[in-house]
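Note sheet for the following structure.
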Amino acid sequence: MHTMITRIPFQIRLLVTMALVVTGLFTFAQNPAWQSGNRPAGANRQAMNVGRMYGKVVDEQGKGMGYVTVQLMGMKFDTLTKTRQETMLAGQITEDNGDFNLESLPIFGDFTLKLSFIGYAEKEMTVSFGIERPKAGERPNISPDQLIKDLGNLTLAPEATTLETVTVTGESTPVTLSLDKKIYRVDKNATSTGGTAEDALRNVPSISVDLDGGVTLRNSSPQIFVDGRPTTLTLDQIASDAIESIEVITNPSAKYDASGGQGGIVNIVLKKDRRIGYNGNVRVGGDSRGGVNLGGDINAREGKINVFASANFNQRKGFSDSQTDREYLFGTGVSSLLQNNHSKDNGAFAMARGGVDWFMDNRNTITLQGNFVRGGHSPFETQTINQTYFPGNLYTTNDYIRYATNERNFKNSGVSLLFKHLFPKNGHELTADLNFNRSHFNGSGDYNTEYLTFGTTSKEMQSNDGLSSYLTAQADYVNPLTANSKIEAGVRASLRVNDNMNKSTLYDPNSGEWVRIVRLTDQYNFLDNVFAAYGTYSYEREKWGYQLGLRAESSQYTGKLPDEGKEFTNNYPISLFPSIFTTYKINEEDNLQLSYTRRINRPNFFQLMPFIDFSDSINLRQGNPDLRPEFTNSFELTYQNIFKAGHNLLISAYYKDAYDLITSFQTVETDPVSERTYVISTYTNSNRSSAYGMEFTLRNTFWKNVELTSNINLYNSKVDASNIDPDLVVEQFSWYAKENLNLRLPASFMIQLSTEYRSRAAFTPAGSSGRFGGHFGGPTNTAQGYTLANWFTDVALRKDLFNRKATLTLNVNDIFRTRKTGTHTESDLFIQDTWRLRSPQTVRMSLSYRFGKMDSSLFRRKNTNMNSDGMDMMQQ
């Protein structure tokens with residue numbers, strides 16, 4: 001089957017023309033020296049004076065010493081003598097408790113820290129941030145964490161002390177490949193600019209996002225975290241411009257929440273800066289569907305207070321086309337059904353986030369932050385259905401059209417209180433946090449059906465209203481016992497309460513009133529509590545190391561149907577989740593790791609709720625309150641090779657075995673009132689499943705201007721649902737590939753290309769397109785068929801402006817209109833094929849502007865004589 005590329009709409013051509021004109025004007029307006037990538041001499045000298053070092057001076061008994069003189073010395077070029085001379089870069093007197101804090105420091109090179117106090121010997125030590133100076137023409141890529149160094153407790157003693165060296169090692173890169181997780185910087189990714197978290201995740205290797213926002217990681221649904229904690233936000237409620245990085249944890253240890261089953265953890269890290277001074281950015285954009293997006297971030301810090309805030313507004317307009325072709329195999333004769341859907345959607349959401357950090361002293365920080373999200377969308381769908389019957393030797397047809405008008409709204413608000421204490425020993429810390437989140441969603445749908453064959457009509461309405469509250473409390477402790485060993489421990493409690501009311505009514509033309517459909521109306525409440533504690537021990541030598549961990553969780557789930565007087569319970573008093581990691585360093589470039597973990601995947605709200613959703617008249621959906629959690633044992637062998645010149649290779653072989661797998665299952669039911677037969681998609685627990693495969697992730701840098709990240713995943717999956725049907729065992733080999741290409745061009749241009757291919761698969765969560773979309777769906781592993789192969793390509797062009805203070809981005813998703821997803825399902829009752837295409841060839845254009853000043857005082861100058869000397873020494 002060939003896919004035709006349609007003519008580019010006028011709006012797309014207009015946006016492309018505007019982008020080219022604006023880019024051309026900016027290009028010729030700039031200084032040629034900047035266009036060539038070479039900065040004029042002396043430009044941006046203050047930019048590298050953004051480092052911070054802090055510590056505490058104590059006596060031999062560990063008591064803080066006040067009024068100690070602290071000086072940081074460095075070499076500076078003297079214009080008179082034409083030689084480099086030692087100069088004081090920063091200095092101060094310690095506070096009463098011994099704390100000191102040196103700011104606005106150069107970040108390249110080695111420095112000498114001097115401590116002096118009457119009656120004590122002067123102490124000198126060599127310190128450095130460990131950041132290598134970029135070569136000529138190279139662009140520095142430095143993370144905020146590298147700009148801050150805790151020097152620990154520094155002891156002054158009567159006798160002389162030896163010279164010490166303190167360094168910070170490592171250099172930030174857009175992709176960090178480690179053995180326990182992979183970190184991908186997406187804040188510079190052009191293809192996701194102006195979009196949502198769905199667009200950001202599509203550019204991450206190993207991760208696939210379907211049309212409904214359903215996320216898969218190595219063929220399973222991962223648990224989504226935001227800033228290291230589980231979240232109730234959906235992906236389309238998080239703006240991509242608010243994301244700094246994505247952390248992918250394929251085989252989480254006992255330290256992490258055991259929920260998530262086979263899929264691991266995807267942690268979305270939002271932007272927040274703690275550098276001295278103020279900084280931020282504003283952005284504006286639009287797309288070819290008529291949607292607009294606005295946003296901004298601001299961060300300001302002075303002294304012990306850091307304030308941060310961000311806001312985003314995204315308008316989403318689009319369409320989707322889909323088809324269902326079904327052949328029934330039961331009854332007195334064979335019958336078939338063909339349904340074509342066309343849907344238009346108009347929605348928007350706004351997200352605000354803010355907070356304050358209080359640095360009580362150098363070792364204690366309290367953070368209070370909150371977020372608020374509100375939005376909605378109004379899809380309008382036209383369904384054209386043709387039914388054909390063959391009762392005996394007769395042939396009859398039934399044609400009808402269904403118009404569905406829906407309104408969906410949601411609100412989400414949350415508040416967090418966090419505390420962090422740093423002990424004097426490097427890496428020794430205690431953290432605690434309390435999080436509360438509340439979500440409210442409601443919706444309504446009007447469904448008008450015209451039966452063309454019989455000349456009749458019917459009207460139905462469906463409404464829902466839900467409220468969810470989520471409270472978590474957590475504490476974590478880390479203590480490096482020796483230079484080679486470390487213990488970690490923590491406790492966590494999560495309490496979730498959910499109340500949902502659904503109502504369905506049918507219009508009675510005889511009485512002129514709306515009649516309640518009892519079978520399709522219910523109220524469902526549930527309480528889900530999980531309490532956990534964990535401990536890990538790590539030991540590392542020069543060549544090898546290991547980590548042993550154990551997590552214990554106690555869970556209680558209670559669901560109620562008040563109208564029917566039914567109650568469902570699922571309690572696991574104690575469940576143990578061990579984890580074992582062992583690593584071996586072959587040499588400086590090659591590493592091996594072997595790991596084992598046990599995890600759990602608990603069914604979510606929409607998989608449990610017994611309410612029938614008839615927003616699609618021939619594809620009804622219903623949850624199953626009797627679902628049990630699924631348990632998974634995972635084994636993984638990883639090989640990492642860090643080549644020189646920016647090349648990295650990561651190879652993983654894995655095996656996963658799950659029992660009580662939560663499986664999507666379709667069955668046929670007959671309405672006792674209308675005597676109509678329906679196919680209902682629901683969930684059940686199959687016996688078990690297994691999957692094994694290999695994943696290759698290769699990152700290459702060529703000629704300093706080309707970055708290529710390749711990801712290939714080959715796997716075989718098997719689902720055993722013989723407990724449902726004796727012959728229901730499905731096995732399928734599948735593969736998945738993704739390529740991300742970044743090409744830097746002259747005049748600060750960059751092209752980004754992302755291509756993904758996914759083969760036919762049986763053991764792949766495909767998301768759910770129920771009344772709230774797939775964002776709330778969990779794994780929909782199917783035992784009755786497979787998902788169809790599909791591929792797509794996204795492309796983006798980015799231009800940096802005004803000395804990289806502004807960025808203009810133009811991107812297009814699914815440029816070849818090939819991202820058509822679908823399924824094939826077979827059972828003894830029917831054979832069904834479906835496909836769906838959503839908003840291809842959407843063009844987005846965005847402009848962002850960054851501002852800020854890394855000043856140690858926003859409103860006034862302090863210690864001017866102590867801190868200003870030597871600010872520009874690193875540019876000599």
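In the structure tokens, the first chain shown is A, the next is B, and so on; residue numbers restart at 1 for each chain, and ligands run from 1 in the order shown.
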>> DSSP on the backbone: which residues in region 287-445 of chain A end up as strand (DSSP E or B)? Give the answer as number ranges by chain.
In response: A: 287, 292-302, 305-328, 335-361, 364-377, 380-389, 396-422, 429-445
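Nearest to Leu471 (chain A) of all the residues A:Phe423, A:Phe108, A:Phe531, A:Phe313 is A:Phe531, counting only C-alpha atoms.
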Could you name the residues that touch Ser336 (chain A) at 8 Å or less, counting only C-alpha atoms, but leaving out those on the same chain fewer than 3 positions away, as an mmCIF file with N, CA, C and O atoms, in the first residue's frame?
```cif
data_model
loop_
_atom_site.group_PDB
_atom_site.id
_atom_site.type_symbol
_atom_site.label_atom_id
_atom_site.label_comp_id
_atom_site.auth_asym_id
_atom_site.auth_seq_id
_atom_site.Cartn_x
_atom_site.Cartn_y
_atom_site.Cartn_z
ATOM 1 N N ASP A 325 -12.340 -2.148 10.535
ATOM 2 C CA ASP A 325 -12.933 -3.121 9.607
ATOM 3 C C ASP A 325 -13.054 -4.446 10.359
ATOM 4 O O ASP A 325 -12.050 -5.042 10.734
ATOM 5 N N ARG A 326 -14.282 -4.875 10.603
ATOM 6 C CA ARG A 326 -14.521 -6.041 11.455
ATOM 7 C C ARG A 326 -15.413 -7.054 10.747
ATOM 8 O O ARG A 326 -16.392 -6.702 10.089
ATOM 9 N N GLU A 327 -15.071 -8.334 10.917
ATOM 10 C CA GLU A 327 -15.882 -9.432 10.399
ATOM 11 C C GLU A 327 -16.297 -10.319 11.569
ATOM 12 O O GLU A 327 -15.451 -10.840 12.295
ATOM 13 N N TYR A 328 -17.635 -10.470 11.767
ATOM 14 C CA TYR A 328 -18.159 -11.278 12.858
ATOM 15 C C TYR A 328 -18.223 -12.746 12.422
ATOM 16 O O TYR A 328 -18.607 -13.069 11.292
ATOM 17 N N GLN A 387 -22.945 -1.564 8.085
ATOM 18 C CA GLN A 387 -23.055 -2.931 8.570
ATOM 19 C C GLN A 387 -23.716 -3.793 7.503
ATOM 20 O O GLN A 387 -24.699 -3.392 6.879
ATOM 21 N N THR A 388 -23.178 -4.987 7.324
ATOM 22 C CA THR A 388 -23.713 -5.929 6.334
ATOM 23 C C THR A 388 -24.053 -7.241 7.031
ATOM 24 O O THR A 388 -23.243 -7.768 7.806
ATOM 25 N N TYR A 389 -25.264 -7.764 6.784
ATOM 26 C CA TYR A 389 -25.718 -9.009 7.418
ATOM 27 C C TYR A 389 -26.006 -10.047 6.338
ATOM 28 O O TYR A 389 -26.482 -9.738 5.243
#
```
>> Residues near Lys644 (chain A), anyone? I mean within 10 Å using only C-alpha atoms, not counting same-chain ones fewer than 3 positions away, as number ranges by chain.
In response: A: 589, 641, 647-648, 700-701
> In Å, with one decimal, what is the gap from CA of Ala404 (chain A) to CA of Glu198 (chain A)?
Replying inline: 26.0 Å
> Hey, which of A:Tyr654, A:Phe635, A:Phe702, A:Tyr524 ends up closest to Lys503 (chain A)? Count only C-alpha atoms.
Replying inline: A:Tyr524
>> Can you pull out every residue from region 556-761 of chain A that DSSP, working from the backbone, puts in alpha helix (DSSP H), and format the result as a PyMOL selection string?
In response: chain A and resi 605-608
>> I'd like the contact shell of Asn740 (chain A) - 10 Å cut-off, only C-alpha atoms, skipping same-chain residues fewer than 3 positions apart - returned as a list in words.
In response: Asn203, Val204, Pro205, Arg699, Glu707, Leu708, Thr709, Ser710, Asn711, Gln752, Leu753, Ser754, Thr755, Glu756, Thr793, Asp794 and Val795 of chain A
